[in-house]
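Right, one structure below, let's go through it.
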Amino acid sequence: MKKSPLKRIYAVLFKRFGQQHWWPGDSPFEIAVGAILTQNTNWQNVSRAIANLKKARVLQPERLLRLSPARTAGLIRPSGYFRLKTKRLRNFLSVLSARYGNDPARMKKVPLAALRPELLSINGIGPETADSMLLYAFDKPVFVVDAYTRRILSRHRLIPESASYADIQAFFMKGLCPNVRLFNEFHALIVRLGKEYCLKNNPRCGLCPLKNEK
DNA sequence: CACCAGGCAAGTA
DNA sequence: TACTTGCATGGT
(Lines give C-alpha, C1' and ligand atoms only; values in the text may rest on other atoms or scores of the structure.)
Protein backbone atom coordinates (compact mmCIF):
# COMPACT_ATOMS: atom_id res chain seq x y z
CA MET A 1 0.00 0.00 0.00
CA LYS A 2 1.46 3.36 -1.11
CA LYS A 3 1.70 6.29 1.21
CA SER A 4 -0.50 9.22 0.32
CA PRO A 5 1.20 12.16 -1.46
CA LEU A 6 0.65 14.31 1.62
CA LYS A 7 2.37 11.89 3.95
CA ARG A 8 5.28 11.60 1.57
CA ILE A 9 5.61 15.37 1.30
CA TYR A 10 5.51 15.61 5.07
CA ALA A 11 8.19 12.97 5.43
CA VAL A 12 10.48 14.71 2.94
CA LEU A 13 10.04 18.08 4.62
CA PHE A 14 10.55 16.76 8.10
CA LYS A 15 13.65 14.85 7.12
CA ARG A 16 15.07 17.94 5.45
CA PHE A 17 14.20 20.62 7.99
CA GLY A 18 13.36 18.83 11.25
CA GLN A 19 11.13 20.20 14.00
CA GLN A 20 10.16 23.84 13.57
CA HIS A 21 8.97 24.57 17.12
CA TRP A 22 6.01 26.65 16.04
CA TRP A 23 4.30 29.06 16.74
CA PRO A 24 7.04 31.48 17.85
CA GLY A 25 5.38 33.03 20.89
CA ASP A 26 5.29 32.68 24.65
CA SER A 27 1.53 32.54 25.22
CA PRO A 28 -1.74 31.88 23.42
CA PHE A 29 -2.45 35.59 23.57
CA GLU A 30 0.87 36.51 21.98
CA ILE A 31 0.20 33.95 19.27
CA ALA A 32 -3.24 35.38 18.56
CA VAL A 33 -1.80 38.90 18.31
CA GLY A 34 0.96 37.64 16.05
CA ALA A 35 -1.58 35.95 13.80
CA ILE A 36 -3.19 39.32 13.08
CA LEU A 37 0.08 41.21 12.76
CA THR A 38 1.58 38.75 10.29
CA GLN A 39 -1.16 39.19 7.69
CA ASN A 40 0.68 39.63 4.39
CA THR A 41 3.77 40.62 6.35
CA ASN A 42 7.27 39.29 6.89
CA TRP A 43 7.64 37.71 10.34
CA GLN A 44 10.78 39.72 11.05
CA ASN A 45 8.73 42.91 11.01
CA VAL A 46 6.08 41.30 13.19
CA SER A 47 8.60 40.28 15.82
CA ARG A 48 9.75 43.88 16.05
CA ALA A 49 6.19 44.98 16.68
CA ILE A 50 5.71 42.29 19.32
CA ALA A 51 8.97 43.30 20.98
CA ASN A 52 7.66 46.86 21.18
CA LEU A 53 4.44 45.66 22.81
CA LYS A 54 6.40 43.63 25.33
CA LYS A 55 8.77 46.45 26.11
CA ALA A 56 5.80 48.75 26.72
CA ARG A 57 4.28 46.00 28.89
CA VAL A 58 0.99 46.03 27.02
CA LEU A 59 1.03 42.56 25.53
CA GLN A 60 -1.92 41.59 27.72
CA PRO A 61 -5.60 41.60 26.72
CA GLU A 62 -6.86 44.23 29.10
CA ARG A 63 -3.91 46.60 28.79
CA LEU A 64 -3.90 46.43 25.03
CA LEU A 65 -7.60 47.21 24.90
CA ARG A 66 -7.11 50.15 27.26
CA LEU A 67 -4.24 51.59 25.26
CA SER A 68 -5.27 54.33 22.87
CA PRO A 69 -5.41 53.29 19.21
CA ALA A 70 -2.78 55.92 18.40
CA ARG A 71 -0.38 54.40 20.94
CA THR A 72 -1.02 50.88 19.74
CA ALA A 73 -0.45 51.96 16.15
CA GLY A 74 2.85 53.54 17.13
CA LEU A 75 4.04 50.34 18.78
CA ILE A 76 3.04 47.98 15.99
CA ARG A 77 4.29 50.31 13.27
CA PRO A 78 7.08 47.99 12.07
CA SER A 79 4.56 45.30 11.14
CA GLY A 80 3.05 47.48 8.43
CA TYR A 81 -0.64 48.34 7.82
CA PHE A 82 -0.44 49.63 11.37
CA ARG A 83 -3.69 51.62 11.45
CA LEU A 84 -5.62 48.78 9.90
CA LYS A 85 -4.06 46.20 12.19
CA THR A 86 -4.76 48.36 15.24
CA LYS A 87 -8.46 48.21 14.37
CA ARG A 88 -8.30 44.47 13.75
CA LEU A 89 -6.52 43.84 17.02
CA ARG A 90 -9.09 45.91 18.87
CA ASN A 91 -11.96 44.06 17.19
CA PHE A 92 -10.48 40.82 18.50
CA LEU A 93 -9.77 42.30 21.93
CA SER A 94 -13.35 43.54 22.23
CA VAL A 95 -14.70 40.03 21.77
CA LEU A 96 -12.12 38.62 24.17
CA SER A 97 -13.20 41.20 26.74
CA ALA A 98 -16.96 41.15 26.24
CA ARG A 99 -17.39 37.39 25.93
CA TYR A 100 -14.43 35.87 27.77
CA GLY A 101 -13.49 38.36 30.47
CA ASN A 102 -10.14 39.06 28.77
CA ASP A 103 -9.13 35.46 29.43
CA PRO A 104 -7.71 33.52 26.46
CA ALA A 105 -7.97 30.30 28.51
CA ARG A 106 -11.74 30.71 28.55
CA MET A 107 -11.83 31.26 24.82
CA LYS A 108 -9.76 28.11 24.43
CA LYS A 109 -12.47 26.06 26.13
CA VAL A 110 -14.94 26.79 23.32
CA PRO A 111 -15.29 23.86 20.91
CA LEU A 112 -13.80 24.25 17.45
CA ALA A 113 -17.17 24.09 15.73
CA ALA A 114 -18.33 27.16 17.66
CA LEU A 115 -15.07 29.08 18.00
CA ARG A 116 -14.12 29.11 14.32
CA PRO A 117 -17.33 30.87 13.20
CA GLU A 118 -17.00 33.30 16.07
CA LEU A 119 -13.46 34.27 15.09
CA LEU A 120 -14.47 34.55 11.43
CA SER A 121 -17.27 36.92 12.41
CA ILE A 122 -14.71 39.44 13.68
CA ASN A 123 -13.89 42.06 11.08
CA GLY A 124 -10.27 41.63 10.08
CA ILE A 125 -10.04 37.93 10.91
CA GLY A 126 -10.28 35.76 7.81
CA PRO A 127 -9.80 32.02 7.39
CA GLU A 128 -6.01 31.90 7.69
CA THR A 129 -5.84 34.17 10.71
CA ALA A 130 -8.68 32.30 12.42
CA ASP A 131 -7.14 28.91 11.72
CA SER A 132 -3.70 30.06 12.88
CA MET A 133 -5.22 31.12 16.18
CA LEU A 134 -7.24 27.92 16.44
CA LEU A 135 -4.31 25.62 15.76
CA TYR A 136 -1.41 27.43 17.38
CA ALA A 137 -3.03 29.32 20.24
CA PHE A 138 -6.01 27.13 21.06
CA ASP A 139 -4.78 23.64 20.10
CA LYS A 140 -7.65 22.86 17.75
CA PRO A 141 -7.08 20.34 14.92
CA VAL A 142 -7.51 22.62 11.88
CA PHE A 143 -5.10 22.79 8.97
CA VAL A 144 -3.79 26.27 8.19
CA VAL A 145 -3.66 27.13 4.49
CA ASP A 146 -1.46 29.94 3.24
CA ALA A 147 0.02 31.23 0.00
CA TYR A 148 2.91 28.76 0.18
CA THR A 149 0.54 25.84 0.67
CA ARG A 150 -1.46 26.81 -2.38
CA ARG A 151 1.65 27.28 -4.50
CA ILE A 152 3.23 23.99 -3.53
CA LEU A 153 0.08 21.89 -4.00
CA SER A 154 -0.79 23.54 -7.25
CA ARG A 155 2.70 23.12 -8.68
CA HIS A 156 2.60 19.47 -7.77
CA ARG A 157 -0.77 19.27 -9.44
CA LEU A 158 -2.46 17.98 -6.38
CA ILE A 159 -5.10 20.71 -6.57
CA PRO A 160 -6.42 22.85 -9.43
CA GLU A 161 -5.38 26.50 -9.63
CA SER A 162 -8.93 27.48 -8.84
CA ALA A 163 -9.11 25.64 -5.52
CA SER A 164 -10.55 27.74 -2.71
CA TYR A 165 -9.21 28.01 0.84
CA ALA A 166 -11.87 25.53 1.96
CA ASP A 167 -11.00 23.13 -0.86
CA ILE A 168 -7.31 23.10 0.09
CA GLN A 169 -8.05 22.75 3.77
CA ALA A 170 -10.39 19.84 3.05
CA PHE A 171 -7.71 18.19 0.92
CA PHE A 172 -5.36 18.12 3.90
CA MET A 173 -7.94 17.24 6.50
CA LYS A 174 -9.35 14.35 4.49
CA GLY A 175 -5.88 12.99 3.80
CA LEU A 176 -4.49 13.18 7.32
CA CYS A 177 -5.50 12.21 10.83
CA PRO A 178 -6.85 15.24 12.71
CA ASN A 179 -3.82 15.62 14.93
CA VAL A 180 -2.80 18.98 16.37
CA ARG A 181 0.90 18.14 16.47
CA LEU A 182 0.91 16.91 12.87
CA PHE A 183 -0.98 19.95 11.57
CA ASN A 184 1.28 22.24 13.56
CA GLU A 185 4.47 20.75 12.19
CA PHE A 186 3.20 20.31 8.63
CA HIS A 187 2.19 23.92 8.16
CA ALA A 188 5.37 25.17 9.81
CA LEU A 189 7.44 23.01 7.45
CA ILE A 190 5.56 24.34 4.44
CA VAL A 191 6.33 27.90 5.49
CA ARG A 192 9.95 26.96 6.10
CA LEU A 193 10.21 25.53 2.60
CA GLY A 194 8.52 28.61 1.21
CA LYS A 195 10.81 31.02 3.01
CA GLU A 196 13.88 29.20 1.88
CA TYR A 197 13.02 28.38 -1.71
CA CYS A 198 9.86 30.06 -2.93
CA LEU A 199 10.99 33.66 -2.71
CA LYS A 200 10.14 35.84 -5.68
CA ASN A 201 7.47 33.37 -6.70
CA ASN A 202 9.93 31.51 -8.86
CA PRO A 203 8.12 28.57 -10.46
CA ARG A 204 11.37 26.63 -10.59
CA CYS A 205 12.11 27.27 -6.94
CA GLY A 206 13.30 24.63 -4.58
CA LEU A 207 10.59 22.12 -4.94
CA CYS A 208 13.42 19.89 -6.06
CA PRO A 209 13.33 17.88 -2.87
CA LEU A 210 9.72 17.12 -3.70
CA LYS A 211 10.08 16.71 -7.43
CA ASN A 212 9.33 13.03 -7.42
CA GLU A 213 6.29 13.45 -5.27
CA LYS A 214 3.85 14.13 -8.04
C1' DC B 1 14.83 51.69 -8.56
C1' DA B 2 11.33 47.52 -8.21
C1' DC B 3 9.49 43.73 -5.82
C1' DC B 4 8.12 40.99 -1.95
C1' DA B 5 6.13 39.35 2.69
C1' DG B 6 2.89 33.41 7.01
C1' DG B 7 -4.38 38.51 4.34
C1' DC B 8 -8.56 40.76 4.52
C1' DA B 9 -12.48 43.61 3.41
C1' DA B 10 -14.78 46.78 0.54
C1' DG B 11 -15.92 48.30 -3.88
C1' DT B 12 -17.15 47.39 -8.74
C1' DA B 13 -19.36 45.01 -12.69
C1' DT C 1 -19.60 35.32 -8.59
C1' DA C 2 -15.14 37.18 -9.95
C1' DC C 3 -11.95 40.59 -10.22
C1' DT C 4 -9.63 45.03 -8.33
C1' DT C 5 -7.83 48.08 -4.83
C1' DG C 6 -6.14 49.97 -0.28
C1' DC C 7 -3.55 49.06 3.51
C1' DA C 8 2.53 50.20 4.96
C1' DT C 9 6.87 48.71 6.83
C1' DG C 10 11.57 46.89 6.19
C1' DG C 11 14.61 43.59 3.51
C1' DT C 12 16.73 42.18 -0.93
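Identifiers in this document derive from the order of the C-alpha coordinates: chains are assigned A, B, ..., residues are numbered from 1 separately in each chain, and ligands are numbered from 1 in order of occurrence.
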
Against chain B, which residues of stretch 74-186 of chain A fall within 8 Å? For each one I want the closest pair of atoms and the distance in Å (one decimal), counting only C-alpha atoms (C1' of nucleotides), rows by chain and increasing residue number, as JSON lines.
```
{"residue": "A:Asn123", "atom": "CA", "partner": "B:DA9", "partner_atom": "C1'", "distance": 8.0}
{"residue": "A:Gly124", "atom": "CA", "partner": "B:DC8", "partner_atom": "C1'", "distance": 5.9}
{"residue": "A:Ile125", "atom": "CA", "partner": "B:DC8", "partner_atom": "C1'", "distance": 7.1}
{"residue": "A:Gly126", "atom": "CA", "partner": "B:DC8", "partner_atom": "C1'", "distance": 6.2}
{"residue": "A:Glu128", "atom": "CA", "partner": "B:DG7", "partner_atom": "C1'", "distance": 7.6}
{"residue": "A:Thr129", "atom": "CA", "partner": "B:DG7", "partner_atom": "C1'", "distance": 7.8}
{"residue": "A:Asp146", "atom": "CA", "partner": "B:DG6", "partner_atom": "C1'", "distance": 6.7}
{"residue": "A:Ala147", "atom": "CA", "partner": "B:DG6", "partner_atom": "C1'", "distance": 7.9}
```

Could you produce a table of the residues of chain A lying within 12 Å of chain B, with the nearest pair of atoms per residue and their separation in Å rounded to one decimal, using only C-alpha atoms (C1' of nucleotides), ordered by chain and increasing residue number, as a tab-separated table?
```
residue	atom	partner	partner_atom	distance
A:Trp22	CA	B:DG6	C1'	11.7
A:Trp23	CA	B:DG6	C1'	10.8
A:Pro24	CA	B:DG6	C1'	11.8
A:Gly34	CA	B:DG6	C1'	10.2
A:Ala35	CA	B:DG6	C1'	8.5
A:Ile36	CA	B:DG7	C1'	8.9
A:Leu37	CA	B:DG7	C1'	9.9
A:Thr38	CA	B:DG6	C1'	6.4
A:Gln39	CA	B:DG7	C1'	4.7
A:Asn40	CA	B:DG7	C1'	5.2
A:Thr41	CA	B:DA5	C1'	4.5
A:Asn42	CA	B:DA5	C1'	4.4
A:Trp43	CA	B:DG6	C1'	7.2
A:Gln44	CA	B:DA5	C1'	9.6
A:Asn45	CA	B:DA5	C1'	9.4
A:Val46	CA	B:DG6	C1'	10.5
A:Ser79	CA	B:DA5	C1'	10.5
A:Gly80	CA	B:DA5	C1'	10.4
A:Tyr81	CA	B:DG7	C1'	11.1
A:Leu84	CA	B:DC8	C1'	10.1
A:Lys85	CA	B:DC8	C1'	10.4
A:Arg88	CA	B:DC8	C1'	10.0
A:Leu120	CA	B:DC8	C1'	11.0
A:Ile122	CA	B:DC8	C1'	11.1
A:Asn123	CA	B:DA9	C1'	8.0
A:Gly124	CA	B:DC8	C1'	5.9
A:Ile125	CA	B:DC8	C1'	7.1
A:Gly126	CA	B:DC8	C1'	6.2
A:Pro127	CA	B:DG7	C1'	9.0
A:Glu128	CA	B:DG7	C1'	7.6
A:Thr129	CA	B:DG7	C1'	7.8
A:Ala130	CA	B:DG7	C1'	11.1
A:Asp131	CA	B:DG6	C1'	12.0
A:Ser132	CA	B:DG6	C1'	9.4
A:Val144	CA	B:DG6	C1'	9.8
A:Val145	CA	B:DG6	C1'	9.4
A:Asp146	CA	B:DG6	C1'	6.7
A:Ala147	CA	B:DG6	C1'	7.9
A:Tyr148	CA	B:DG6	C1'	8.3
A:Thr149	CA	B:DG6	C1'	10.1
A:His187	CA	B:DG6	C1'	9.6
A:Ala188	CA	B:DG6	C1'	9.0
A:Leu189	CA	B:DG6	C1'	11.4
A:Ile190	CA	B:DG6	C1'	9.8
A:Val191	CA	B:DG6	C1'	6.7
A:Arg192	CA	B:DG6	C1'	9.6
A:Leu193	CA	B:DG6	C1'	11.6
A:Gly194	CA	B:DG6	C1'	9.4
A:Lys195	CA	B:DG6	C1'	9.2
A:Cys198	CA	B:DC4	C1'	11.1
A:Leu199	CA	B:DC4	C1'	7.9
A:Lys200	CA	B:DC4	C1'	6.7
A:Asn201	CA	B:DC4	C1'	9.0
A:Asn202	CA	B:DC4	C1'	11.9
```

(message) Among stretch 17-177 of chain A, which residues does DSSP mark as alpha helix (DSSP H) when it is run on the backbone? Keep the chain and numbering as in the structure and answer as number ranges by chain.
(response) A: 17, 28-37, 43-55, 61-66, 69-76, 82-100, 104-108, 112-120, 127-132, 147-155, 165-175

(request) Mind checking which residues fall within 12 Å of A:Pro28, counting only C-alpha atoms (C1' of nucleotides), ignoring those fewer than 3 positions away in the same chain, and posting them as a VMD selection string? (result) chain A and resid 22 to 25 31 to 35 59 to 61 103 to 108 132 to 139

(message) Using only C-alpha atoms (C1' of nucleotides) and a cut-off of 10 Å, which residues of chain C sit close to chain A? Please list them as number ranges by chain.
(response) C: 6-11

(message) Quick check, in Å to one decimal: how far apart do atom CA of A:Val12 and atom C1' of C:DT12 lie?
(response)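 Answer for the atom CA of A:Val12 to atom C1' of C:DT12 separation: 28.4 Å.
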
(message) As an exercise, work out the distance from atom CA of A:Arg155 to atom CA of A:Gln169 in Å and give it to one decimal place.
(response)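 Spanning atom CA of A:Arg155 to atom CA of A:Gln169 is a straight-line distance of 16.5 Å.
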
(request) Between A:Leu119, A:Ala163, A:Leu158, A:Val58, single out the one closest to A:Gly175, counting only C-alpha atoms. (result)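 Of all the options, A:Leu158 lies closest to A:Gly175.
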
(message) Between atom CA of A:Phe171 and atom CA of A:Pro5, what distance in Å does the model show, to one decimal?
(response) 11.0 Å

Find the residues around A:Ala170 up to 12 Å (only C-alpha atoms (C1' of nucleotides) counted), leave out those fewer than 6 positions away in its own chain, and share them as an mmCIF file with N, CA and C atoms, in the first residue's frame.
```
data_model
loop_
_atom_site.group_PDB
_atom_site.id
_atom_site.type_symbol
_atom_site.label_atom_id
_atom_site.label_comp_id
_atom_site.auth_asym_id
_atom_site.auth_seq_id
_atom_site.Cartn_x
_atom_site.Cartn_y
_atom_site.Cartn_z
ATOM 1 N N VAL A 142 -7.163 22.069 13.200
ATOM 2 C CA VAL A 142 -7.506 22.621 11.882
ATOM 3 C C VAL A 142 -6.216 22.807 11.097
ATOM 4 N N PHE A 143 -6.292 22.600 9.785
ATOM 5 C CA PHE A 143 -5.097 22.793 8.966
ATOM 6 C C PHE A 143 -5.064 24.225 8.456
ATOM 7 N N VAL A 144 -3.934 24.883 8.624
ATOM 8 C CA VAL A 144 -3.790 26.269 8.193
ATOM 9 C C VAL A 144 -3.295 26.295 6.744
ATOM 10 N N VAL A 145 -4.017 27.014 5.910
ATOM 11 C CA VAL A 145 -3.664 27.133 4.494
ATOM 12 C C VAL A 145 -3.113 28.529 4.245
ATOM 13 N N ILE A 159 -3.850 19.951 -6.578
ATOM 14 C CA ILE A 159 -5.103 20.713 -6.570
ATOM 15 C C ILE A 159 -5.140 21.585 -7.818
ATOM 16 N N ALA A 163 -8.668 26.138 -6.824
ATOM 17 C CA ALA A 163 -9.113 25.639 -5.520
ATOM 18 C C ALA A 163 -9.243 26.771 -4.503
ATOM 19 N N SER A 164 -10.309 26.720 -3.738
ATOM 20 C CA SER A 164 -10.549 27.738 -2.709
ATOM 21 C C SER A 164 -9.807 27.359 -1.428
ATOM 22 N N LEU A 176 -5.318 13.347 6.122
ATOM 23 C CA LEU A 176 -4.487 13.183 7.318
ATOM 24 C C LEU A 176 -5.368 12.951 8.548
ATOM 25 N N CYS A 177 -4.794 12.312 9.554
ATOM 26 C CA CYS A 177 -5.502 12.206 10.827
ATOM 27 C C CYS A 177 -5.583 13.591 11.454
ATOM 28 N N PRO A 178 -6.694 13.911 12.092
ATOM 29 C CA PRO A 178 -6.849 15.237 12.712
ATOM 30 C C PRO A 178 -6.008 15.341 13.975
#
```
